[in-house]
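Q: I am sharing model.txt, which consists of compact mmCIF, C-alpha atoms:
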```
# COMPACT_ATOMS: atom_id res chain seq x y z
CA MET A 16 -94.47 142.72 116.65
CA THR A 17 -90.77 142.17 116.20
CA LEU A 18 -87.86 144.44 116.93
CA ARG A 19 -84.63 143.26 115.36
CA TRP A 20 -81.31 144.48 116.74
CA ASP A 21 -79.94 145.45 113.31
CA VAL A 22 -83.06 147.46 112.49
CA LEU A 23 -82.88 149.14 115.90
CA ALA A 24 -79.21 150.00 115.32
CA ALA A 25 -80.00 151.56 111.94
CA ILE A 26 -82.85 153.57 113.46
CA LEU A 27 -80.62 154.81 116.31
CA GLY A 28 -77.88 155.72 113.85
CA MET A 29 -80.38 157.74 111.80
CA ALA A 30 -81.74 159.37 114.97
CA VAL A 31 -78.28 160.48 116.16
CA ALA A 32 -77.33 161.78 112.71
CA THR A 33 -80.58 163.74 112.45
CA TYR A 34 -80.23 165.25 115.92
CA LEU A 35 -76.71 166.39 115.04
CA CYS A 36 -78.21 168.25 112.07
CA ARG A 37 -81.07 169.73 114.12
CA ALA A 38 -78.96 170.95 117.03
CA GLY A 39 -75.54 171.28 115.36
CA GLY A 40 -76.15 174.42 113.32
CA TYR A 41 -77.35 176.32 116.36
CA ALA A 42 -74.79 174.77 118.75
CA VAL A 43 -71.94 176.16 116.63
CA LEU A 44 -73.52 179.61 116.74
CA ARG A 45 -74.02 179.44 120.50
CA VAL A 46 -70.32 178.92 121.28
CA THR A 47 -68.84 181.23 118.66
CA ARG A 48 -69.74 184.83 117.99
CA PRO A 49 -70.28 184.88 114.24
CA PRO A 50 -68.94 187.72 112.08
CA ARG A 51 -71.35 190.42 110.91
CA PHE A 52 -71.68 188.90 107.49
CA VAL A 53 -72.91 185.59 108.95
CA GLN A 54 -75.33 187.43 111.23
CA ALA A 55 -76.69 189.29 108.22
CA MET A 56 -77.00 185.99 106.34
CA LEU A 57 -79.09 184.49 109.13
CA GLN A 58 -81.74 187.15 108.50
CA HIS A 59 -82.07 185.95 104.93
CA LEU A 60 -81.68 182.20 105.44
CA PRO A 61 -85.31 181.22 106.20
CA GLY A 62 -86.84 182.49 102.97
CA ALA A 63 -83.84 181.35 100.94
CA ILE A 64 -84.04 177.81 102.35
CA PHE A 65 -87.68 177.44 101.33
CA ILE A 66 -87.23 178.89 97.86
CA ALA A 67 -84.20 176.63 97.29
CA PHE A 68 -86.27 173.68 98.52
CA LEU A 69 -89.36 174.49 96.44
CA ALA A 70 -87.85 175.54 93.09
CA PRO A 71 -86.36 172.10 92.22
CA ALA A 72 -89.52 170.32 93.42
CA LEU A 73 -91.71 172.49 91.20
CA ALA A 74 -89.33 172.15 88.26
CA GLN A 75 -89.68 168.37 88.48
CA GLY A 76 -93.45 168.69 88.57
CA GLY A 77 -93.62 170.67 85.32
CA TRP A 78 -96.04 173.44 84.34
CA THR A 79 -99.01 171.91 86.21
CA ALA A 80 -97.01 172.11 89.45
CA TRP A 81 -96.15 175.78 88.77
CA ALA A 82 -99.84 176.54 88.10
CA ALA A 83 -100.84 174.80 91.33
CA ALA A 84 -98.11 176.72 93.16
CA GLY A 85 -99.50 179.99 91.80
CA ALA A 86 -102.99 179.03 92.98
CA THR A 87 -101.67 178.17 96.47
CA ILE A 88 -99.80 181.46 96.91
CA ALA A 89 -102.64 183.56 95.45
CA THR A 90 -105.16 181.92 97.79
CA GLN A 91 -102.91 182.47 100.81
CA ALA A 92 -102.30 186.11 99.85
CA ALA A 93 -106.04 186.70 99.39
CA PHE A 94 -107.51 184.86 102.38
CA GLY A 95 -104.64 184.03 104.74
CA ARG A 96 -106.05 180.59 105.55
CA LEU A 97 -103.39 177.88 105.29
CA ALA A 98 -105.78 174.93 105.07
CA LEU A 99 -107.73 176.63 102.27
CA SER A 100 -104.53 177.48 100.37
CA ILE A 101 -103.22 173.91 100.58
CA ALA A 102 -106.58 172.56 99.39
CA ALA A 103 -106.59 175.06 96.51
CA GLY A 104 -103.14 173.94 95.36
CA VAL A 105 -103.98 170.24 95.52
CA GLY A 106 -107.36 170.89 93.85
CA VAL A 107 -105.83 172.81 90.93
CA LEU A 108 -103.17 170.13 90.40
CA TRP A 109 -105.83 167.39 90.55
CA LEU A 110 -107.98 169.25 88.03
CA LEU A 111 -105.08 169.84 85.63
CA ALA A 112 -103.95 166.21 85.93
CA ALA A 113 -107.49 165.07 85.10
CA LEU A 114 -107.68 167.40 82.07
CA ALA A 115 -104.18 166.82 80.70
CA MET B 6 -88.43 191.92 112.36
CA ASP B 7 -85.93 189.35 113.49
CA GLN B 8 -83.52 191.86 114.95
CA ALA B 9 -85.94 193.35 117.49
CA GLY B 10 -84.86 193.03 121.13
CA ASP B 11 -84.15 189.54 122.47
CA SER B 12 -85.46 190.60 125.87
CA ARG B 13 -89.04 189.91 124.74
CA VAL B 14 -88.36 186.23 124.00
CA THR B 15 -90.50 183.95 126.19
CA PHE B 16 -91.58 180.32 126.56
CA THR B 17 -95.21 180.23 127.63
CA THR B 18 -97.92 177.56 127.83
CA ALA B 19 -100.16 179.84 125.81
CA GLY B 20 -97.45 179.86 123.13
CA VAL B 21 -97.32 176.06 123.12
CA TRP B 22 -101.08 175.90 122.52
CA ARG B 23 -100.90 178.50 119.78
CA GLY B 24 -98.24 176.36 118.09
CA VAL B 25 -100.47 173.29 118.37
CA ARG B 26 -103.44 175.18 116.88
CA ALA B 27 -101.34 176.56 114.01
CA THR B 28 -100.30 173.00 113.22
CA LEU B 29 -103.90 171.74 113.19
CA ALA B 30 -104.58 174.27 110.40
CA ILE B 31 -102.03 172.56 108.14
CA THR B 32 -102.82 168.96 109.08
CA ILE B 33 -104.08 168.21 105.58
CA GLY B 34 -100.70 169.30 104.30
CA LEU B 35 -98.80 167.09 106.76
CA ALA B 36 -100.85 163.89 106.61
CA PRO B 37 -100.16 162.42 103.13
CA PHE B 38 -96.37 162.24 103.52
CA GLY B 39 -96.65 160.38 106.82
CA LEU B 40 -99.01 157.86 105.22
CA VAL B 41 -96.49 157.25 102.43
CA VAL B 42 -93.65 156.61 104.87
CA GLY B 43 -95.85 154.10 106.72
CA VAL B 44 -96.77 152.36 103.46
CA VAL B 45 -93.16 152.14 102.24
CA SER B 46 -92.00 150.99 105.67
CA ALA B 47 -94.49 148.11 105.63
CA ALA B 48 -93.51 147.21 102.06
CA LYS B 49 -89.84 147.00 103.11
CA GLY B 50 -90.72 144.52 105.85
CA LEU B 51 -90.40 146.71 108.95
CA SER B 52 -92.73 145.74 111.78
CA LEU B 53 -95.20 148.26 113.21
CA ILE B 54 -93.06 148.84 116.30
CA GLU B 55 -89.94 149.38 114.15
CA THR B 56 -91.88 151.83 111.98
CA LEU B 57 -93.13 153.73 115.02
CA LEU B 58 -89.65 153.83 116.57
CA MET B 59 -88.10 155.19 113.38
CA SER B 60 -90.80 157.83 112.95
CA ALA B 61 -90.64 158.87 116.60
CA LEU B 62 -86.83 159.03 116.85
CA VAL B 63 -85.88 160.23 113.38
CA PHE B 64 -88.98 162.33 112.55
CA ALA B 65 -87.71 163.50 109.15
CA GLY B 66 -89.73 162.17 106.23
CA THR B 67 -87.42 162.53 103.24
CA SER B 68 -84.51 160.88 105.02
CA GLN B 69 -86.79 158.05 106.17
CA ILE B 70 -88.00 157.46 102.60
CA VAL B 71 -84.45 157.48 101.22
CA ALA B 72 -83.18 155.14 103.96
CA LEU B 73 -86.10 152.78 103.32
CA GLU B 74 -85.38 152.82 99.58
CA LEU B 75 -81.91 151.43 100.27
CA TRP B 76 -83.11 149.07 103.02
CA SER B 77 -81.59 145.56 102.96
CA ASP B 78 -81.26 142.46 105.12
CA PRO B 79 -79.48 142.90 107.52
CA ALA B 80 -80.48 146.54 107.95
CA PRO B 81 -78.03 149.04 106.36
CA ILE B 82 -76.85 150.70 109.59
CA LEU B 83 -74.07 152.85 108.10
CA ALA B 84 -75.85 153.71 104.83
CA ALA B 85 -79.10 154.69 106.57
CA SER B 86 -77.22 156.85 109.11
CA LEU B 87 -75.21 158.59 106.38
CA ALA B 88 -78.34 159.19 104.31
CA ALA B 89 -80.01 160.77 107.34
CA LEU B 90 -76.95 162.95 108.00
CA VAL B 91 -76.69 164.22 104.42
CA ILE B 92 -80.39 164.75 103.74
CA ASN B 93 -81.08 166.41 107.09
CA LEU B 94 -78.16 168.83 106.76
CA ARG B 95 -80.76 171.36 105.61
CA LEU B 96 -82.03 171.46 109.22
CA ALA B 97 -78.70 172.84 110.50
CA PRO B 98 -79.10 176.34 108.99
CA MET B 99 -82.73 176.36 110.23
CA GLY B 100 -81.56 175.96 113.83
CA ALA B 101 -78.97 178.70 113.24
CA ALA B 102 -81.59 181.04 111.80
CA LEU B 103 -83.65 180.61 114.99
CA ALA B 104 -80.79 182.02 117.10
CA PRO B 105 -82.68 185.24 118.00
CA LEU B 106 -85.30 183.03 119.69
CA LEU B 107 -83.10 180.28 121.09
CA ASP B 108 -80.29 182.39 122.60
CA ARG B 109 -82.30 183.03 125.78
CA MET B 110 -83.22 179.36 126.29
CA HIS B 111 -81.45 176.66 128.33
CA GLY B 112 -81.80 172.95 129.08
CA TRP B 113 -84.71 171.02 127.60
CA ARG B 114 -86.41 174.18 126.39
CA LEU B 115 -83.43 174.66 124.08
CA TRP B 116 -82.17 171.15 123.24
CA GLY B 117 -85.59 169.51 123.45
CA THR B 118 -87.17 172.10 121.19
CA LEU B 119 -84.36 171.61 118.68
CA ALA B 120 -84.88 167.82 118.81
CA ALA B 121 -88.32 168.20 117.23
CA LEU B 122 -87.45 170.95 114.73
CA VAL B 123 -88.92 170.32 111.25
CA ASP B 124 -89.36 172.34 108.07
CA ASN B 125 -92.99 173.26 108.70
CA SER B 126 -92.65 174.21 112.38
CA PHE B 127 -89.63 176.30 111.37
CA ALA B 128 -91.66 178.07 108.68
CA LEU B 129 -94.59 178.74 111.03
CA THR B 130 -92.19 180.08 113.68
CA ILE B 131 -90.39 182.41 111.24
CA ALA B 132 -93.81 183.75 110.22
CA GLU B 133 -94.56 184.29 113.95
CA MET B 134 -91.27 186.11 114.48
CA ARG B 135 -91.91 188.34 111.50
CA ALA B 136 -95.34 189.14 112.91
CA GLY B 137 -93.51 190.36 116.04
CA ARG B 138 -94.22 187.40 118.35
CA ARG B 139 -91.25 185.70 120.01
CA ASP B 140 -92.40 182.71 122.02
CA VAL B 141 -90.23 179.58 121.88
CA GLY B 142 -93.27 177.74 123.23
CA PHE B 143 -94.88 178.28 119.82
CA LEU B 144 -92.03 176.43 118.08
CA PHE B 145 -92.14 173.67 120.70
CA GLY B 146 -95.93 173.26 120.45
CA ALA B 147 -95.95 173.29 116.66
CA SER B 148 -93.11 170.75 116.48
CA LEU B 149 -94.72 168.53 119.11
CA ALA B 150 -98.09 168.52 117.32
CA MET B 151 -96.35 167.68 114.03
CA TRP B 152 -94.48 164.87 115.78
CA VAL B 153 -97.72 163.34 117.09
CA ASN B 154 -99.37 163.77 113.67
CA TRP B 155 -96.34 162.15 112.05
CA ILE B 156 -96.42 159.07 114.28
CA VAL B 157 -100.18 158.60 113.85
CA MET B 158 -99.99 158.95 110.06
CA CYS B 159 -97.02 156.58 109.75
CA ALA B 160 -98.92 154.03 111.84
CA LEU B 161 -102.05 154.40 109.69
CA GLY B 162 -99.96 154.05 106.54
CA HIS B 163 -98.29 150.92 107.90
CA VAL B 164 -101.56 149.29 108.96
CA PHE B 165 -103.75 150.31 106.02
CA GLY B 166 -101.03 150.56 103.36
CA ALA B 167 -102.46 147.76 101.25
CA VAL B 168 -105.88 149.48 101.16
CA LEU B 169 -104.65 152.99 100.32
CA ARG B 170 -102.94 152.33 96.98
CA LEU B 171 -101.91 155.90 96.14
CA PRO B 172 -99.58 155.99 93.12
CA PRO B 173 -96.38 158.09 93.56
CA GLY B 174 -97.44 161.01 91.36
CA HIS B 175 -100.87 161.45 92.97
CA PRO B 176 -101.94 165.12 93.43
CA VAL B 177 -102.51 164.48 97.16
CA PHE B 178 -98.72 164.48 97.67
CA PHE B 179 -98.60 168.07 96.42
CA ALA B 180 -100.10 168.98 99.81
CA ALA B 181 -96.65 168.88 101.43
CA THR B 182 -95.23 171.28 98.81
CA ALA B 183 -98.35 173.47 99.00
CA THR B 184 -97.91 173.85 102.77
CA LEU B 185 -94.48 175.41 102.36
CA LEU B 186 -95.66 177.51 99.40
CA ALA B 187 -98.52 178.97 101.44
CA LEU B 188 -96.13 179.70 104.32
CA LEU B 189 -93.99 181.80 101.96
CA VAL B 190 -96.69 184.49 102.11
CA PRO B 191 -96.35 185.36 105.84
CA ILE B 192 -92.54 184.93 105.60
CA TRP B 193 -92.27 187.50 102.77
CA ARG B 194 -91.00 190.82 104.19
CA GLY B 195 -91.37 192.93 101.07
CA ARG B 196 -89.37 193.79 97.99
CA SER B 197 -86.01 193.52 99.77
CA ASP B 198 -86.58 189.74 99.80
CA LEU B 199 -86.88 189.58 96.02
CA LEU B 200 -83.15 189.49 95.18
CA PRO B 201 -82.06 186.86 97.75
CA TRP B 202 -85.09 184.68 96.94
CA ALA B 203 -84.45 184.88 93.19
CA VAL B 204 -80.76 183.98 93.66
CA ALA B 205 -81.73 181.08 95.98
CA GLY B 206 -84.16 179.66 93.42
CA ALA B 207 -81.83 180.12 90.44
CA VAL B 208 -78.84 178.51 92.17
CA ALA B 209 -80.93 175.60 93.44
CA LEU B 210 -82.25 174.95 89.93
CA ALA B 211 -78.75 175.22 88.44
CA VAL B 212 -77.31 172.73 90.97
CA GLN B 213 -80.16 170.34 90.29
CA TRP B 214 -79.70 170.78 86.53
CA VAL B 215 -76.01 169.86 86.88
CA GLY B 216 -77.21 166.56 88.30
CA LEU B 217 -76.59 166.84 92.06
CA GLY B 218 -79.30 165.34 94.28
CA ALA B 219 -80.54 166.25 97.77
CA PRO B 220 -79.46 168.09 99.84
CA TRP B 221 -77.09 170.03 97.55
CA PRO B 222 -79.64 172.13 95.59
CA VAL B 223 -81.23 173.27 98.88
CA LEU B 224 -77.95 174.03 100.65
CA ALA B 225 -76.28 175.76 97.69
CA GLY B 226 -79.40 177.79 96.90
CA ALA B 227 -80.05 178.76 100.52
CA PHE B 228 -76.49 179.93 101.19
CA ALA B 229 -76.15 181.72 97.85
CA GLY B 230 -79.44 183.57 98.40
CA ALA B 231 -78.65 184.46 102.01
CA ALA B 232 -75.11 185.59 101.12
CA THR B 233 -76.48 187.81 98.35
CA GLY B 234 -78.93 189.41 100.77
CA ALA B 235 -76.23 189.85 103.43
CA ALA B 236 -73.77 191.42 100.98
CA ARG B 237 -76.41 193.90 99.84
CA ASP B 238 -77.50 194.74 103.40
CA LEU B 239 -73.95 195.34 104.64
CA ARG B 240 -73.16 197.56 101.66
CA ARG B 241 -76.40 199.48 102.25
CA ASP B 242 -75.68 199.88 105.96
CA GLN B 243 -72.11 201.08 105.51
CA GLY B 244 -71.63 204.10 107.74
CA ALA B 245 -74.84 203.51 109.65
CA ARG B 246 -73.96 201.57 112.80
CA GLU B 247 -77.27 199.83 113.30
CA GLY B 248 -77.65 197.18 110.60
CA HIS B 249 -79.63 194.09 109.96
CA GLY B 250 -77.08 192.02 111.82
CA GLU B 251 -78.08 192.74 115.37
CA GLY B 252 -80.12 189.63 115.89
CA ARG B 253 -77.57 188.23 118.36
CA ARG B 254 -76.08 189.84 121.39
```
Re-express the file's structure as structure tokens.

A:
Amino acid sequence: MTLRWDVLAAILGMAVATYLCRAGGYAVLRVTRPPRFVQAMLQHLPGAIFIAFLAPALAQGGWTAWAAAGATIATQAAFGRLALSIAAGVGVLWLLAALA
Amino acid sequence: MDQAGDSRVTFTTAGVWRGVRATLAITIGLAPFGLVVGVVSAAKGLSLIETLLMSALVFAGTSQIVALELWSDPAPILAASLAALVINLRLAPMGAALAPLLDRMHGWRLWGTLAALVDNSFALTIAEMRAGRRDVGFLFGASLAMWVNWIVMCALGHVFGAVLRLPPGHPVFFAATATLLALLVPIWRGRSDLLPWAVAGAVALAVQWVGLGAPWPVLAGAFAGAATGAARDLRRDQGAREGHGEGRR
């Protein structure tokens, strides 16, 4: 069990940087009243963030990843159980990886 | 809808517990990534207490992996901090998008809840908001449960890393992606989401194709998609005073 000062400094630096990201976006909004366009954007940001996060990840995974993604979404739409949907996605990808 | 009255926003203990329970449902999606961070951390020579401190204080997997990839001796203080800043920039618009919930909060309920904000607790909370429930306790409980899960999984990965031996491309790691994919379903508000989502995906892919790494595909795609949706909404609402932009007051 060691705790080196340089490692601790790097961890604290990362922690401060990450908190600035977590709180900063909202802190700016809290002190300024954003224009209507920005307020309208905020309504669309959540979905857009996730699509923009997922599309490159799936593109890197190739067609098997897209198939697994389809299985995940279809399962969630049909049953509405997150654990089941996640398992379905992983299962389909596992199956395709074993077959390919 | 997000723009419904802020007056109904609460922070209840019941909400905290609902957030915790919602997180338990996606534990299998959260666990593998934490294990990986623990394994990599051990491989890079960090002690268990250093690993636990990083996971507890930073609590952002991708940035931890990237920082560990460029780990050196002595520890890369500036490089690791910059990597965390750049990669976690995607969290800034998430906090902003939660404004309809957070505007009524003060003190630790505001700044403490933001301290634990992560992608999955954000997604669960947006789904809650779109189902008409506005309890900041839910976000806090979900984030807290994910934080505990994260620390436990990183510890297990660090201790049992040598035994696990999961290669990088293993299907188990798709669980993290699948979690967000499944959460798209409750976040979907109908056909009006189609255009902004399509633009977000196309721009993200284009930015990645050009060769830019994280976080630029996410940020460019997210802002392009949201701007497209906002431009369409404002044009549609011209003349009508009540628009989609009344989330904040």

Q: Show me the residues around (-86.4, 175.6, 122.4) - criterion: an atom at most 9 Å away, only C-alpha atoms counted - as a PyMOL selection string.

A: chain B and resi 16+106-107+110-120+141-142+144-145

Q: I want to know what sits within 8 Å of Arg95 in chain B, based on all atoms listed in the file, with residues of the same chain fewer than 4 positions away left out; could you give that as a PyMOL selection string?

A: (chain A and resi 36+64) or (chain B and resi 99+220+223-224)

Q: Pick out the chain A residues within 7 Å of chain B. Count only C-alpha atoms. Give them as a PyMOL selection string.

A: chain A and resi 16-18+21-22+24-26+28-30+32-34+36-41+44+51-52+54-64+66-68+70-71+84+87-88+91-92+97-98+100-101+104-105+108-109

Q: Dump C-alpha atoms for the selected residues as a PDB file, in the frame of the given file?

A:
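Below is the file that was written, again27.pdb:
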```
ATOM      1  CA  MET A  16     -94.470 142.720 116.650  1.00  0.00           C
ATOM      2  CA  THR A  17     -90.770 142.170 116.200  1.00  0.00           C
ATOM      3  CA  LEU A  18     -87.860 144.440 116.930  1.00  0.00           C
ATOM      4  CA  ASP A  21     -79.940 145.450 113.310  1.00  0.00           C
ATOM      5  CA  VAL A  22     -83.060 147.460 112.490  1.00  0.00           C
ATOM      6  CA  ALA A  24     -79.210 150.000 115.320  1.00  0.00           C
ATOM      7  CA  ALA A  25     -80.000 151.560 111.940  1.00  0.00           C
ATOM      8  CA  ILE A  26     -82.850 153.570 113.460  1.00  0.00           C
ATOM      9  CA  GLY A  28     -77.880 155.720 113.850  1.00  0.00           C
ATOM     10  CA  MET A  29     -80.380 157.740 111.800  1.00  0.00           C
ATOM     11  CA  ALA A  30     -81.740 159.370 114.970  1.00  0.00           C
ATOM     12  CA  ALA A  32     -77.330 161.780 112.710  1.00  0.00           C
ATOM     13  CA  THR A  33     -80.580 163.740 112.450  1.00  0.00           C
ATOM     14  CA  TYR A  34     -80.230 165.250 115.920  1.00  0.00           C
ATOM     15  CA  CYS A  36     -78.210 168.250 112.070  1.00  0.00           C
ATOM     16  CA  ARG A  37     -81.070 169.730 114.120  1.00  0.00           C
ATOM     17  CA  ALA A  38     -78.960 170.950 117.030  1.00  0.00           C
ATOM     18  CA  GLY A  39     -75.540 171.280 115.360  1.00  0.00           C
ATOM     19  CA  GLY A  40     -76.150 174.420 113.320  1.00  0.00           C
ATOM     20  CA  TYR A  41     -77.350 176.320 116.360  1.00  0.00           C
ATOM     21  CA  LEU A  44     -73.520 179.610 116.740  1.00  0.00           C
ATOM     22  CA  ARG A  51     -71.350 190.420 110.910  1.00  0.00           C
ATOM     23  CA  PHE A  52     -71.680 188.900 107.490  1.00  0.00           C
ATOM     24  CA  GLN A  54     -75.330 187.430 111.230  1.00  0.00           C
ATOM     25  CA  ALA A  55     -76.690 189.290 108.220  1.00  0.00           C
ATOM     26  CA  MET A  56     -77.000 185.990 106.340  1.00  0.00           C
ATOM     27  CA  LEU A  57     -79.090 184.490 109.130  1.00  0.00           C
ATOM     28  CA  GLN A  58     -81.740 187.150 108.500  1.00  0.00           C
ATOM     29  CA  HIS A  59     -82.070 185.950 104.930  1.00  0.00           C
ATOM     30  CA  LEU A  60     -81.680 182.200 105.440  1.00  0.00           C
ATOM     31  CA  PRO A  61     -85.310 181.220 106.200  1.00  0.00           C
ATOM     32  CA  GLY A  62     -86.840 182.490 102.970  1.00  0.00           C
ATOM     33  CA  ALA A  63     -83.840 181.350 100.940  1.00  0.00           C
ATOM     34  CA  ILE A  64     -84.040 177.810 102.350  1.00  0.00           C
ATOM     35  CA  ILE A  66     -87.230 178.890  97.860  1.00  0.00           C
ATOM     36  CA  ALA A  67     -84.200 176.630  97.290  1.00  0.00           C
ATOM     37  CA  PHE A  68     -86.270 173.680  98.520  1.00  0.00           C
ATOM     38  CA  ALA A  70     -87.850 175.540  93.090  1.00  0.00           C
ATOM     39  CA  PRO A  71     -86.360 172.100  92.220  1.00  0.00           C
ATOM     40  CA  ALA A  84     -98.110 176.720  93.160  1.00  0.00           C
ATOM     41  CA  THR A  87    -101.670 178.170  96.470  1.00  0.00           C
ATOM     42  CA  ILE A  88     -99.800 181.460  96.910  1.00  0.00           C
ATOM     43  CA  GLN A  91    -102.910 182.470 100.810  1.00  0.00           C
ATOM     44  CA  ALA A  92    -102.300 186.110  99.850  1.00  0.00           C
ATOM     45  CA  LEU A  97    -103.390 177.880 105.290  1.00  0.00           C
ATOM     46  CA  ALA A  98    -105.780 174.930 105.070  1.00  0.00           C
ATOM     47  CA  SER A 100    -104.530 177.480 100.370  1.00  0.00           C
ATOM     48  CA  ILE A 101    -103.220 173.910 100.580  1.00  0.00           C
ATOM     49  CA  GLY A 104    -103.140 173.940  95.360  1.00  0.00           C
ATOM     50  CA  VAL A 105    -103.980 170.240  95.520  1.00  0.00           C
ATOM     51  CA  LEU A 108    -103.170 170.130  90.400  1.00  0.00           C
ATOM     52  CA  TRP A 109    -105.830 167.390  90.550  1.00  0.00           C
TER      53      TRP A 109
END
```

Q: Got a sec: who's within 7 Å of Leu111 in chain A, counting all atoms listed in the file, leaving out chain neighbours fewer than 4 positions off, as a PyMOL selection string?

A: chain A and resi 79+107+115

Q: To one decimal place, how far is CA of Cys159 in chain B from CA of Val42 in chain B in Å?

A: 5.9 Å

Q: Within 10 Å of Gly43 in chain B, counting only C-alpha atoms, which residues qualify if same-chain residues fewer than 4 places away don't, as an NGL selection string?

A: :B and (38-39 or 47-49 or 51 or 53 or 56-57 or 60 or 69-70 or 155-166)

Q: Can you work out the spacing between CA of Val168 in chain B and CA of Val41 in chain B in Å, to one decimal?

A: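 Separating CA of Val168 in chain B from CA of Val41 in chain B is a distance of 12.3 Å.
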